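Coordinates from final18.csv are shown below (CSV, C-alpha atoms (C1' of nucleotides)).
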```csv
chain,number,residue,atom,x,y,z
G,26,MET,CA,0.5,-30.2,11.5
G,27,SER,CA,3.1,-30.6,8.7
G,28,ILE,CA,3.0,-32.7,5.6
G,29,THR,CA,5.6,-34.6,3.7
G,30,LYS,CA,6.8,-33.7,0.2
G,31,ASN,CA,4.8,-36.7,-1.1
G,32,GLU,CA,1.7,-35.6,0.6
G,33,ALA,CA,2.0,-32.2,-0.9
G,34,LYS,CA,2.7,-33.7,-4.3
G,35,LYS,CA,-0.5,-35.8,-4.0
G,36,LEU,CA,-2.5,-32.7,-3.1
G,37,LEU,CA,-1.3,-31.0,-6.2
G,38,GLN,CA,-1.9,-33.9,-8.5
G,39,ASP,CA,-5.4,-34.4,-7.2
G,40,ARG,CA,-6.1,-30.9,-8.5
G,41,ALA,CA,-4.3,-31.4,-11.8
G,42,LEU,CA,-1.7,-28.9,-10.8
G,43,ARG,CA,1.9,-29.4,-11.9
G,44,VAL,CA,4.3,-30.4,-9.3
G,45,THR,CA,7.1,-27.8,-9.0
G,46,GLY,CA,9.7,-26.8,-6.4
G,47,PRO,CA,8.2,-23.5,-5.3
G,48,ARG,CA,4.7,-25.0,-5.2
G,49,LEU,CA,5.7,-27.9,-3.0
G,50,ALA,CA,7.6,-25.6,-0.7
G,51,VAL,CA,4.7,-23.2,-0.3
G,52,LEU,CA,2.3,-26.0,0.4
G,53,GLN,CA,4.6,-27.4,3.0
G,54,LEU,CA,5.2,-24.0,4.6
G,55,LEU,CA,1.5,-23.4,4.9
G,56,ALA,CA,0.9,-26.8,6.4
G,57,ALA,CA,3.7,-26.3,8.9
G,58,SER,CA,2.6,-22.9,10.1
G,59,GLN,CA,0.6,-22.2,13.2
G,60,GLY,CA,-1.2,-19.1,11.8
G,61,PRO,CA,-1.8,-17.7,8.4
G,62,LEU,CA,1.1,-16.5,6.3
G,63,SER,CA,1.5,-13.5,4.0
G,64,HIS,CA,3.4,-13.5,0.7
G,65,THR,CA,6.3,-11.7,2.4
G,66,GLU,CA,6.4,-14.0,5.4
G,67,ILE,CA,6.6,-16.9,3.1
G,68,LEU,CA,9.5,-15.3,1.2
G,69,GLU,CA,11.3,-14.8,4.5
G,70,ARG,CA,10.8,-18.4,5.5
G,71,LEU,CA,12.0,-19.5,2.0
G,72,GLY,CA,15.2,-17.6,2.7
G,73,GLU,CA,17.8,-19.8,1.3
G,74,THR,CA,16.1,-20.5,-2.0
G,75,ASP,CA,16.1,-17.8,-4.6
G,76,TRP,CA,12.8,-18.3,-6.2
G,77,ASP,CA,11.3,-15.2,-7.6
G,78,PRO,CA,8.8,-13.3,-5.4
G,79,ALA,CA,6.4,-13.1,-8.4
G,80,THR,CA,6.6,-16.9,-8.7
G,81,ILE,CA,5.7,-17.4,-5.1
G,82,TYR,CA,2.9,-14.8,-5.5
G,83,ARG,CA,1.4,-16.6,-8.5
G,84,ASN,CA,1.6,-19.9,-6.8
G,85,LEU,CA,-0.4,-18.5,-3.9
G,86,VAL,CA,-3.0,-17.3,-6.3
G,87,LYS,CA,-3.0,-20.7,-8.0
G,88,LEU,CA,-3.3,-22.6,-4.8
G,89,ARG,CA,-6.1,-20.4,-3.7
G,90,ASP,CA,-7.9,-20.8,-7.0
G,91,ALA,CA,-7.5,-24.5,-6.7
G,92,GLY,CA,-9.0,-24.5,-3.3
G,93,LEU,CA,-5.9,-25.7,-1.6
G,94,ALA,CA,-5.2,-22.4,0.2
G,95,LEU,CA,-7.5,-19.9,1.7
G,96,VAL,CA,-7.1,-16.2,2.3
G,97,VAL,CA,-8.1,-16.1,5.9
G,98,SER,CA,-7.0,-12.5,6.7
G,99,CYS,CA,-6.3,-9.4,4.9
G,100,ALA,CA,-5.0,-7.1,7.6
G,101,GLU,CA,-3.6,-3.8,6.6
G,102,GLY,CA,-3.9,-4.7,2.9
G,103,ILE,CA,-1.8,-7.8,3.4
G,104,ASP,CA,-3.4,-11.1,2.4
G,105,ARG,CA,-2.6,-14.1,4.5
G,106,TYR,CA,-3.0,-17.7,3.5
G,107,ALA,CA,-3.7,-20.9,5.3
G,108,LEU,CA,-3.9,-24.4,4.0
G,109,ALA,CA,-7.5,-25.4,3.4
G,110,GLY,CA,-8.6,-28.1,5.8
G,111,ALA,CA,-5.8,-27.5,8.2
G,112,GLN,CA,-8.2,-26.4,10.9
G,113,LYS,CA,-11.6,-27.8,11.5
G,114,ASP,CA,-13.3,-24.5,10.8
G,115,ASP,CA,-11.0,-23.4,8.0
G,116,HIS,CA,-10.1,-20.3,9.9
G,117,ARG,CA,-13.7,-19.1,9.9
G,118,HIS,CA,-13.0,-17.6,13.4
G,119,PRO,CA,-12.0,-14.0,14.0
G,120,HIS,CA,-8.4,-13.0,13.6
G,121,PHE,CA,-6.5,-10.4,15.6
G,122,VAL,CA,-4.1,-8.1,14.0
G,123,CYS,CA,-1.6,-6.3,16.2
G,124,LYS,CA,-1.1,-2.8,15.1
G,125,ASP,CA,2.3,-2.7,16.8
G,126,CYS,CA,4.0,-6.0,15.8
G,127,GLY,CA,1.9,-6.8,12.8
G,128,GLN,CA,1.3,-10.4,13.9
G,129,VAL,CA,-1.9,-12.1,13.1
G,130,ALA,CA,-3.4,-14.5,15.6
G,131,CYS,CA,-6.3,-16.8,15.5
G,132,LEU,CA,-8.9,-15.9,18.1
G,133,PRO,CA,-10.6,-19.0,19.6
G,134,LEU,CA,-13.9,-17.3,20.1
G,135,GLU,CA,-17.1,-16.4,18.3
G,136,LEU,CA,-18.5,-13.0,17.9
G,137,LYS,CA,-22.2,-13.2,17.4
G,138,PRO,CA,-24.3,-10.5,16.0
G,139,PRO,CA,-27.4,-9.6,18.1
G,140,GLU,CA,-30.8,-11.1,17.2
G,141,SER,CA,-32.0,-7.7,16.3
G,142,ILE,CA,-29.6,-7.2,13.4
G,143,ASP,CA,-31.0,-5.3,10.4
G,144,GLU,CA,-32.4,-7.9,8.0
G,145,ARG,CA,-30.7,-6.2,5.1
G,146,TRP,CA,-27.3,-6.8,6.6
G,147,ALA,CA,-27.9,-10.3,8.1
G,148,ALA,CA,-26.6,-12.3,5.2
G,149,SER,CA,-23.6,-10.1,4.6
G,150,VAL,CA,-22.6,-10.1,8.3
G,151,ASP,CA,-23.1,-13.8,8.5
G,152,LYS,CA,-20.7,-14.6,5.7
G,153,ALA,CA,-18.2,-11.9,6.5
G,154,MET,CA,-14.6,-12.4,7.7
G,155,ILE,CA,-14.2,-10.9,11.1
G,156,GLN,CA,-11.0,-9.1,12.0
G,157,LEU,CA,-10.0,-7.2,15.1
G,158,ARG,CA,-7.2,-4.7,15.2
G,159,GLY,CA,-5.5,-3.5,18.3
G,160,GLU,CA,-2.6,-4.4,20.5
G,161,CYS,CA,-1.9,-8.0,21.1
G,162,PRO,CA,-1.4,-9.1,24.8
G,163,ASP,CA,2.4,-9.0,24.4
G,164,CYS,CA,2.5,-5.5,23.0
G,165,LEU,CA,-0.1,-4.3,25.4
G,166,GLU,CA,2.2,-5.3,28.2
G,167,VAL,CA,5.1,-3.4,26.8
G,168,THR,CA,2.9,-0.3,26.2
G,169,ASN,CA,1.4,-0.2,29.6
G,170,GLY,CA,4.7,-0.5,31.3
G,171,ALA,CA,6.2,-3.9,31.4
G,172,PRO,CA,7.2,-5.3,34.8
G,173,ALA,CA,10.6,-3.7,35.8
V,20,MET,CA,-24.0,17.1,10.4
V,21,SER,CA,-21.9,19.8,8.7
V,22,ILE,CA,-20.0,22.7,10.2
V,23,THR,CA,-19.3,26.2,9.0
V,24,LYS,CA,-15.9,27.5,8.1
V,25,ASN,CA,-16.0,29.5,11.3
V,26,GLU,CA,-16.8,26.5,13.4
V,27,ALA,CA,-13.9,24.6,11.8
V,28,LYS,CA,-11.7,27.6,12.4
V,29,LYS,CA,-12.6,27.5,16.1
V,30,LEU,CA,-11.9,23.8,16.4
V,31,LEU,CA,-8.4,24.4,15.0
V,32,GLN,CA,-7.6,27.4,17.2
V,33,ASP,CA,-8.8,25.6,20.3
V,34,ARG,CA,-6.0,23.1,19.6
V,35,ALA,CA,-3.5,25.8,18.7
V,36,LEU,CA,-3.3,24.6,15.1
V,37,ARG,CA,-2.8,27.1,12.3
V,38,VAL,CA,-5.8,27.9,10.2
V,39,THR,CA,-5.1,27.1,6.6
V,40,GLY,CA,-7.2,26.4,3.5
V,41,PRO,CA,-6.6,22.7,3.2
V,42,ARG,CA,-7.1,22.2,6.9
V,43,LEU,CA,-10.5,23.9,7.0
V,44,ALA,CA,-11.6,22.0,3.9
V,45,VAL,CA,-10.6,18.7,5.3
V,46,LEU,CA,-12.3,19.4,8.6
V,47,GLN,CA,-15.5,20.4,6.8
V,48,LEU,CA,-15.4,17.4,4.6
V,49,LEU,CA,-15.1,15.0,7.5
V,50,ALA,CA,-17.9,16.8,9.3
V,51,ALA,CA,-20.2,16.6,6.3
V,52,SER,CA,-19.6,12.9,5.5
V,53,GLN,CA,-21.9,10.1,6.5
V,54,GLY,CA,-19.2,7.5,6.9
V,55,PRO,CA,-15.4,7.6,7.4
V,56,LEU,CA,-13.3,8.9,4.5
V,57,SER,CA,-9.9,7.8,3.2
V,58,HIS,CA,-7.1,10.1,2.0
V,59,THR,CA,-8.0,9.3,-1.6
V,60,GLU,CA,-11.7,9.8,-1.1
V,61,ILE,CA,-11.0,13.2,0.4
V,62,LEU,CA,-8.8,14.1,-2.6
V,63,GLU,CA,-11.6,13.2,-4.9
V,64,ARG,CA,-14.1,15.3,-3.0
V,65,LEU,CA,-11.6,18.2,-3.1
V,66,GLY,CA,-11.6,17.8,-6.8
V,67,GLU,CA,-11.5,21.5,-7.9
V,68,THR,CA,-8.8,22.6,-5.6
V,69,ASP,CA,-5.2,21.6,-6.5
V,70,TRP,CA,-3.8,21.1,-3.0
V,71,ASP,CA,-1.0,18.6,-2.9
V,72,PRO,CA,-1.9,15.1,-1.9
V,73,ALA,CA,1.0,15.1,0.6
V,74,THR,CA,-0.4,18.3,2.2
V,75,ILE,CA,-3.8,16.6,2.7
V,76,TYR,CA,-2.1,13.6,4.0
V,77,ARG,CA,-0.1,15.5,6.6
V,78,ASN,CA,-3.2,17.4,7.6
V,79,LEU,CA,-5.0,14.2,8.3
V,80,VAL,CA,-2.1,13.1,10.5
V,81,LYS,CA,-2.1,16.5,12.2
V,82,LEU,CA,-5.8,16.4,12.9
V,83,ARG,CA,-5.5,12.9,14.2
V,84,ASP,CA,-2.6,13.8,16.5
V,85,ALA,CA,-4.6,16.8,17.7
V,86,GLY,CA,-7.6,14.6,18.5
V,87,LEU,CA,-9.9,16.3,16.0
V,88,ALA,CA,-10.0,13.3,13.7
V,89,LEU,CA,-10.0,9.6,14.4
V,90,VAL,CA,-8.9,6.6,12.3
V,91,VAL,CA,-12.0,4.5,12.6
V,92,SER,CA,-11.2,1.9,9.9
V,93,CYS,CA,-8.2,0.6,8.2
V,94,ALA,CA,-9.6,-1.7,5.6
V,95,GLU,CA,-7.3,-3.2,3.0
V,96,GLY,CA,-4.5,-1.0,4.2
V,97,ILE,CA,-6.6,2.1,3.7
V,98,ASP,CA,-7.0,4.4,6.7
V,99,ARG,CA,-10.3,6.1,7.0
V,100,TYR,CA,-10.9,9.1,9.1
V,101,ALA,CA,-13.9,10.5,10.9
V,102,LEU,CA,-14.4,13.7,12.8
V,103,ALA,CA,-14.0,13.1,16.6
V,104,GLY,CA,-17.3,13.6,18.4
V,105,ALA,CA,-19.3,13.4,15.2
V,106,GLN,CA,-21.0,10.2,16.5
V,107,LYS,CA,-22.0,9.5,20.1
V,108,ASP,CA,-19.7,6.4,20.2
V,109,ASP,CA,-16.9,7.9,18.1
V,110,HIS,CA,-17.3,5.1,15.7
V,111,ARG,CA,-16.5,2.4,18.3
V,112,HIS,CA,-18.9,0.1,16.5
V,113,PRO,CA,-17.9,-2.5,13.9
V,114,HIS,CA,-17.3,-1.4,10.3
V,115,PHE,CA,-18.1,-3.4,7.3
V,116,VAL,CA,-15.8,-3.4,4.3
V,117,CYS,CA,-17.2,-4.6,1.0
V,118,LYS,CA,-14.6,-6.6,-0.9
V,119,ASP,CA,-16.4,-5.8,-4.1
V,120,CYS,CA,-17.2,-2.1,-4.1
V,121,GLY,CA,-14.7,-1.1,-1.4
V,122,GLN,CA,-17.2,0.9,0.5
V,123,VAL,CA,-17.0,1.1,4.3
V,124,ALA,CA,-20.2,1.1,6.2
V,125,CYS,CA,-20.9,1.6,9.9
V,126,LEU,CA,-22.6,-1.4,11.4
V,127,PRO,CA,-25.2,-0.5,14.1
V,128,LEU,CA,-24.6,-3.6,16.1
V,129,GLU,CA,-22.3,-4.9,18.8
V,130,LEU,CA,-20.3,-8.0,18.6
V,131,LYS,CA,-19.7,-9.3,22.0
V,132,PRO,CA,-17.0,-11.8,23.0
V,133,PRO,CA,-18.2,-14.8,24.9
V,134,GLU,CA,-17.8,-14.9,28.7
V,135,SER,CA,-15.3,-17.6,28.4
V,136,ILE,CA,-12.7,-15.6,26.6
V,137,ASP,CA,-9.1,-16.4,27.4
V,138,GLU,CA,-8.1,-13.9,30.1
V,139,ARG,CA,-4.8,-13.2,28.3
V,140,TRP,CA,-6.8,-11.8,25.3
V,141,ALA,CA,-9.6,-10.1,27.2
V,142,ALA,CA,-8.1,-6.6,27.4
V,143,SER,CA,-6.8,-6.7,23.8
V,144,VAL,CA,-10.1,-7.8,22.4
V,145,ASP,CA,-12.0,-5.3,24.4
V,146,LYS,CA,-10.1,-2.3,23.1
V,147,ALA,CA,-9.8,-3.6,19.5
V,148,MET,CA,-11.3,-2.1,16.4
V,149,ILE,CA,-13.7,-4.6,14.9
V,150,GLN,CA,-14.0,-5.0,11.2
V,151,LEU,CA,-16.0,-7.3,8.9
V,152,ARG,CA,-15.0,-8.0,5.4
V,153,GLY,CA,-17.4,-9.5,2.8
V,154,GLU,CA,-20.0,-8.4,0.4
V,155,CYS,CA,-22.3,-5.6,1.3
V,156,PRO,CA,-26.0,-6.2,0.8
V,157,ASP,CA,-26.0,-4.4,-2.6
V,158,CYS,CA,-23.1,-6.3,-4.0
V,159,LEU,CA,-24.5,-9.6,-2.6
V,160,GLU,CA,-27.6,-9.0,-4.5
V,161,VAL,CA,-25.7,-8.5,-7.8
V,162,THR,CA,-23.6,-11.6,-7.2
V,163,ASN,CA,-26.5,-13.9,-6.3
V,164,GLY,CA,-28.4,-12.8,-9.4
V,165,ALA,CA,-30.2,-9.6,-9.2
V,166,PRO,CA,-33.9,-9.6,-9.9
V,167,ALA,CA,-34.4,-9.6,-13.6
N,5,DG,C1',12.1,-38.5,-26.4
N,6,DC,C1',8.8,-34.8,-28.1
N,7,DA,C1',5.4,-31.5,-28.2
N,8,DT,C1',3.0,-28.2,-25.7
N,9,DA,C1',0.5,-26.2,-22.2
N,10,DT,C1',2.1,-24.4,-17.9
N,11,DA,C1',5.4,-22.3,-14.8
N,12,DT,C1',9.4,-19.5,-13.9
N,13,DA,C1',12.6,-15.3,-13.9
N,14,DC,C1',13.0,-10.7,-14.7
N,15,DA,C1',11.3,-6.2,-15.4
N,16,DA,C1',8.0,-3.0,-14.6
N,17,DG,C1',3.6,-0.8,-13.2
N,18,DT,C1',-0.2,0.6,-9.7
N,19,DG,C1',-1.8,2.6,-5.4
N,20,DA,C1',-1.5,3.9,-0.5
N,21,DC,C1',1.5,5.5,2.6
N,22,DT,C1',5.5,8.4,4.1
N,23,DT,C1',9.5,11.6,4.2
N,24,DG,C1',13.0,15.3,2.8
N,25,DC,C1',13.7,19.9,1.7
N,26,DA,C1',13.3,24.5,0.0
N,27,DA,C1',9.9,28.0,-0.7
N,28,DA,C1',5.6,30.1,1.0
N,29,DT,C1',2.7,31.5,4.7
N,30,DG,C1',0.1,32.1,9.3
N,31,DC,C1',0.6,34.4,13.4
N,32,DA,C1',2.2,37.4,16.8
N,33,DA,C1',5.4,40.8,18.5
N,34,DG,C1',7.3,45.2,17.6
O,10,DC,C1',2.0,47.7,9.1
O,11,DT,C1',6.3,45.3,9.1
O,12,DT,C1',9.2,41.9,10.6
O,13,DG,C1',10.7,37.3,12.3
O,14,DC,C1',10.1,32.7,12.9
O,15,DA,C1',7.9,28.4,13.4
O,16,DT,C1',4.6,25.9,10.8
O,17,DT,C1',2.8,24.5,6.2
O,18,DT,C1',2.8,23.7,1.6
O,19,DG,C1',4.5,21.9,-3.0
O,20,DC,C1',7.3,18.9,-5.4
O,21,DA,C1',10.0,15.0,-5.8
O,22,DA,C1',11.0,10.7,-4.4
O,23,DG,C1',11.0,6.3,-1.7
O,24,DT,C1',8.7,2.1,0.5
O,25,DC,C1',5.9,-1.9,0.4
O,26,DA,C1',2.3,-5.1,-1.1
O,27,DC,C1',0.1,-6.3,-5.0
O,28,DT,C1',-0.1,-7.4,-10.0
O,29,DT,C1',1.0,-8.2,-15.0
O,30,DG,C1',3.8,-8.8,-19.5
O,31,DT,C1',6.9,-11.6,-21.8
O,32,DA,C1',10.5,-14.6,-23.1
O,33,DT,C1',12.6,-18.7,-21.5
O,34,DA,C1',12.5,-23.1,-19.1
O,35,DT,C1',10.1,-27.2,-17.7
O,36,DA,C1',6.5,-30.8,-16.1
O,37,DT,C1',3.6,-34.0,-18.1
O,38,DG,C1',0.9,-36.8,-21.7
O,39,DC,C1',1.7,-39.2,-25.9
```

As a first step, turn the structure in this file into structure tokens.
Amino acid sequence: MSITKNEAKKLLQDRALRVTGPRLAVLQLLAASQGPLSHTEILERLGETDWDPATIYRNLVKLRDAGLALVVSCAEGIDRYALAGAQKDDHRHPHFVCKDCGQVACLPLELKPPESIDERWAASVDKAMIQLRGECPDCLEVTNGAPA
Amino acid sequence: MSITKNEAKKLLQDRALRVTGPRLAVLQLLAASQGPLSHTEILERLGETDWDPATIYRNLVKLRDAGLALVVSCAEGIDRYALAGAQKDDHRHPHFVCKDCGQVACLPLELKPPESIDERWAASVDKAMIQLRGECPDCLEVTNGAPA
DNA sequence: GCATATATACAAGTGACTTGCAAATGCAAG
DNA sequence: CTTGCATTTGCAAGTCACTTGTATATATGC
């Protein structure tokens, strides 16, 4: 699910955002990524270029404000972004944060609150972002003694 | 659900931990609190005293390692502690983090994964800490126009 | 091309978490 | 009660993600 530079350009122009190098790069990275990316992860993938971290940061904010990017996880105080519309449900599924390796994975399942939920909380819970924190399957395997 | 200084002292001695001022105070605070507390929240409640923040921090770590305290939430990169045994389920219920006011509330409900969950993830999901992030009922009310 | 609103680079600030180290202290043995 | 030693404390500093100020550079409309 990657997009060309021209497609990225069109996305920006449609929102009346200026087309700049960092902006195109960030958009393309988000489009190409399997899961959500954090500011730091994006910087790492941008490796070669020497754009300022603050520039990338402001672009993420800009893209978010423009509705092109979504913050779909904020594990451990780290916001992670995904391209809006990249997944059918816009990442409105739970995300799993591994406390060992730090990776964030999309969980293809739904966690439904019970019917009996306190009415006061119903709306809040319904709109909330759901996040699980624990050990991912890979790290679990290592912890519990990997096969020798 | 508060404890006396002597009860706190006994808890520490049972684990072979030295009894010190900050340690007793932290234990009593955790015991007295409704919900989980963060390092900063504890410092605020300690107000009058002038114990070093690093000391309180290390005590939290110590209590956690000793099994007296549990990290039951780590919203936005902020660990929150609760006294072990203070609640029947040791806070193994979901917690709700308000993105507006920052408060962490205990949700009295269970979010169950569907039967069909990927076997690979089953164990991880089962042991994971569940956290919801959104607007708490109070903040929701303000956002959506409070009653005039 | 030019003007100008917008974006970038650089520097710096905040807050939570963490660690190093020397001085102080709890605890237990003498 | 004194002494010895391991544990704690206080202070200083470092890390990392997030955020903002400001002067310079630049994309875009005219």

Write out, as a Markdown table, each residue of chain N that has an atom at most 12 Å from chain G, together with the closest pair of atoms and their distance in Å to one decimal, counting all atoms listed in the file, rows going by chain and rising number.
```
| residue | atom | partner | partner_atom | distance |
| --- | --- | --- | --- | --- |
| N:DA9 | C1' | G:Arg43 | CA | 10.9 |
| N:DT10 | C1' | G:Arg43 | CA | 7.8 |
| N:DA11 | C1' | G:Thr45 | CA | 8.2 |
| N:DT12 | C1' | G:Thr80 | CA | 6.5 |
| N:DA13 | C1' | G:Asp77 | CA | 6.4 |
| N:DC14 | C1' | G:Asp77 | CA | 8.6 |
| N:DA15 | C1' | G:Ala79 | CA | 11.0 |
| N:DA16 | C1' | G:Ala79 | CA | 12.0 |
| N:DG19 | C1' | G:Gly102 | CA | 11.3 |
| N:DA20 | C1' | G:Gly102 | CA | 9.6 |
| N:DC21 | C1' | G:Glu101 | CA | 11.3 |
```

12 Å contact set for N:DA27, only C-alpha atoms (C1' of nucleotides), chain neighbours under 3 positions out, as a list in words:
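Within the cut-off, the hits are DT17, DT18, DG19 and DC20 of chain O.
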
Could I have chain G as a tab-separated table (two decimals) with C-alpha atoms, in the frame of the given file after it is superimposed on chain V by least squares, pairing all C-alpha atoms in sequence order?
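Wrote part15.tsv, looks like this:
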```
chain	number	residue	atom	x	y	z
G	26	MET	CA	-23.97	16.91	10.44
G	27	SER	CA	-21.88	19.65	8.73
G	28	ILE	CA	-20.07	22.57	10.21
G	29	THR	CA	-19.46	26.07	9.04
G	30	LYS	CA	-16.04	27.46	8.10
G	31	ASN	CA	-16.09	29.42	11.39
G	32	GLU	CA	-16.85	26.40	13.39
G	33	ALA	CA	-14.00	24.56	11.83
G	34	LYS	CA	-11.72	27.53	12.38
G	35	LYS	CA	-12.68	27.55	16.10
G	36	LEU	CA	-11.91	23.84	16.36
G	37	LEU	CA	-8.49	24.43	15.00
G	38	GLN	CA	-7.71	27.40	17.16
G	39	ASP	CA	-8.81	25.60	20.28
G	40	ARG	CA	-6.01	23.14	19.54
G	41	ALA	CA	-3.46	25.80	18.65
G	42	LEU	CA	-3.42	24.63	15.10
G	43	ARG	CA	-2.96	27.16	12.30
G	44	VAL	CA	-5.91	27.90	10.24
G	45	THR	CA	-5.22	27.06	6.57
G	46	GLY	CA	-7.28	26.35	3.44
G	47	PRO	CA	-6.64	22.63	3.14
G	48	ARG	CA	-7.13	22.13	6.88
G	49	LEU	CA	-10.48	23.87	6.96
G	50	ALA	CA	-11.63	21.96	3.92
G	51	VAL	CA	-10.66	18.60	5.36
G	52	LEU	CA	-12.36	19.35	8.62
G	53	GLN	CA	-15.49	20.35	6.83
G	54	LEU	CA	-15.41	17.31	4.55
G	55	LEU	CA	-15.11	15.01	7.51
G	56	ALA	CA	-17.94	16.70	9.33
G	57	ALA	CA	-20.15	16.51	6.26
G	58	SER	CA	-19.59	12.86	5.55
G	59	GLN	CA	-21.86	10.04	6.55
G	60	GLY	CA	-19.07	7.43	6.97
G	61	PRO	CA	-15.37	7.55	7.38
G	62	LEU	CA	-13.19	8.88	4.59
G	63	SER	CA	-9.82	7.75	3.24
G	64	HIS	CA	-7.04	10.07	2.05
G	65	THR	CA	-7.97	9.27	-1.56
G	66	GLU	CA	-11.68	9.79	-1.07
G	67	ILE	CA	-10.97	13.12	0.38
G	68	LEU	CA	-8.79	14.06	-2.61
G	69	GLU	CA	-11.64	13.06	-4.91
G	70	ARG	CA	-14.12	15.17	-3.02
G	71	LEU	CA	-11.61	18.10	-3.07
G	72	GLY	CA	-11.62	17.81	-6.85
G	73	GLU	CA	-11.59	21.32	-7.96
G	74	THR	CA	-8.84	22.51	-5.66
G	75	ASP	CA	-5.31	21.56	-6.48
G	76	TRP	CA	-3.85	21.13	-3.10
G	77	ASP	CA	-1.08	18.65	-2.95
G	78	PRO	CA	-1.97	15.07	-1.91
G	79	ALA	CA	0.97	15.12	0.57
G	80	THR	CA	-0.50	18.28	2.12
G	81	ILE	CA	-3.85	16.67	2.61
G	82	TYR	CA	-2.09	13.55	3.99
G	83	ARG	CA	-0.12	15.56	6.55
G	84	ASN	CA	-3.15	17.46	7.59
G	85	LEU	CA	-4.93	14.19	8.31
G	86	VAL	CA	-2.04	13.11	10.43
G	87	LYS	CA	-2.08	16.48	12.19
G	88	LEU	CA	-5.76	16.41	12.83
G	89	ARG	CA	-5.51	12.94	14.16
G	90	ASP	CA	-2.62	13.86	16.42
G	91	ALA	CA	-4.60	16.77	17.66
G	92	GLY	CA	-7.49	14.59	18.49
G	93	LEU	CA	-9.79	16.21	16.03
G	94	ALA	CA	-9.95	13.19	13.68
G	95	LEU	CA	-9.96	9.55	14.38
G	96	VAL	CA	-8.85	6.61	12.29
G	97	VAL	CA	-11.92	4.50	12.60
G	98	SER	CA	-11.08	1.88	9.91
G	99	CYS	CA	-8.13	0.59	8.18
G	100	ALA	CA	-9.59	-1.76	5.61
G	101	GLU	CA	-7.32	-3.23	3.05
G	102	GLY	CA	-4.42	-1.06	4.27
G	103	ILE	CA	-6.44	2.09	3.71
G	104	ASP	CA	-6.92	4.34	6.74
G	105	ARG	CA	-10.21	6.11	7.06
G	106	TYR	CA	-10.92	9.14	9.16
G	107	ALA	CA	-13.92	10.50	10.93
G	108	LEU	CA	-14.33	13.68	12.86
G	109	ALA	CA	-13.97	13.05	16.57
G	110	GLY	CA	-17.23	13.58	18.39
G	111	ALA	CA	-19.32	13.36	15.29
G	112	GLN	CA	-21.02	10.23	16.53
G	113	LYS	CA	-21.92	9.48	20.07
G	114	ASP	CA	-19.66	6.45	20.20
G	115	ASP	CA	-16.86	7.88	18.10
G	116	HIS	CA	-17.21	5.08	15.64
G	117	ARG	CA	-16.38	2.49	18.29
G	118	HIS	CA	-18.86	0.12	16.49
G	119	PRO	CA	-17.84	-2.46	13.92
G	120	HIS	CA	-17.32	-1.39	10.35
G	121	PHE	CA	-18.07	-3.40	7.22
G	122	VAL	CA	-15.79	-3.37	4.32
G	123	CYS	CA	-17.13	-4.57	0.98
G	124	LYS	CA	-14.61	-6.56	-0.85
G	125	ASP	CA	-16.34	-5.81	-4.15
G	126	CYS	CA	-17.09	-2.04	-4.04
G	127	GLY	CA	-14.62	-1.08	-1.39
G	128	GLN	CA	-17.18	0.94	0.58
G	129	VAL	CA	-16.99	1.13	4.28
G	130	ALA	CA	-20.18	1.20	6.30
G	131	CYS	CA	-20.90	1.68	9.90
G	132	LEU	CA	-22.59	-1.35	11.42
G	133	PRO	CA	-25.19	-0.39	14.08
G	134	LEU	CA	-24.60	-3.45	16.16
G	135	GLU	CA	-22.34	-4.83	18.86
G	136	LEU	CA	-20.33	-7.93	18.64
G	137	LYS	CA	-19.68	-9.26	22.07
G	138	PRO	CA	-17.04	-11.71	22.94
G	139	PRO	CA	-18.25	-14.75	24.96
G	140	GLU	CA	-17.86	-14.77	28.77
G	141	SER	CA	-15.42	-17.55	28.45
G	142	ILE	CA	-12.81	-15.57	26.54
G	143	ASP	CA	-9.18	-16.37	27.37
G	144	GLU	CA	-8.11	-13.96	30.12
G	145	ARG	CA	-4.90	-13.22	28.29
G	146	TRP	CA	-6.78	-11.85	25.33
G	147	ALA	CA	-9.65	-10.07	27.19
G	148	ALA	CA	-8.09	-6.66	27.36
G	149	SER	CA	-6.80	-6.72	23.82
G	150	VAL	CA	-10.16	-7.87	22.39
G	151	ASP	CA	-11.98	-5.33	24.45
G	152	LYS	CA	-10.05	-2.38	23.10
G	153	ALA	CA	-9.73	-3.66	19.57
G	154	MET	CA	-11.31	-2.14	16.43
G	155	ILE	CA	-13.68	-4.60	14.91
G	156	GLN	CA	-13.92	-4.91	11.15
G	157	LEU	CA	-15.89	-7.27	8.97
G	158	ARG	CA	-15.07	-7.95	5.37
G	159	GLY	CA	-17.41	-9.44	2.87
G	160	GLU	CA	-20.00	-8.37	0.39
G	161	CYS	CA	-22.23	-5.53	1.28
G	162	PRO	CA	-26.05	-6.07	0.78
G	163	ASP	CA	-25.95	-4.21	-2.56
G	164	CYS	CA	-23.13	-6.26	-4.00
G	165	LEU	CA	-24.51	-9.44	-2.59
G	166	GLU	CA	-27.63	-8.82	-4.59
G	167	VAL	CA	-25.76	-8.34	-7.79
G	168	THR	CA	-23.64	-11.49	-7.14
G	169	ASN	CA	-26.49	-13.74	-6.36
G	170	GLY	CA	-28.40	-12.73	-9.39
G	171	ALA	CA	-30.16	-9.46	-9.22
G	172	PRO	CA	-33.89	-9.40	-9.98
G	173	ALA	CA	-34.32	-9.50	-13.85
```

Show which residues sit within 12 Å of O:DC14, as a list in words. Count only C-alpha atoms (C1' of nucleotides), and ignore same-chain residues fewer than 2 positions away.
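Non-adjacent residues within range: DT29, DG30, DC31, DA32 and DA33 of chain N; DT12 and DT16 of chain O.
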
Counting all atoms listed in the file, which residues of chain O come no farther than 12 Å from chain G, as a PyMOL selection string?
chain O and resi 25-29+35-37
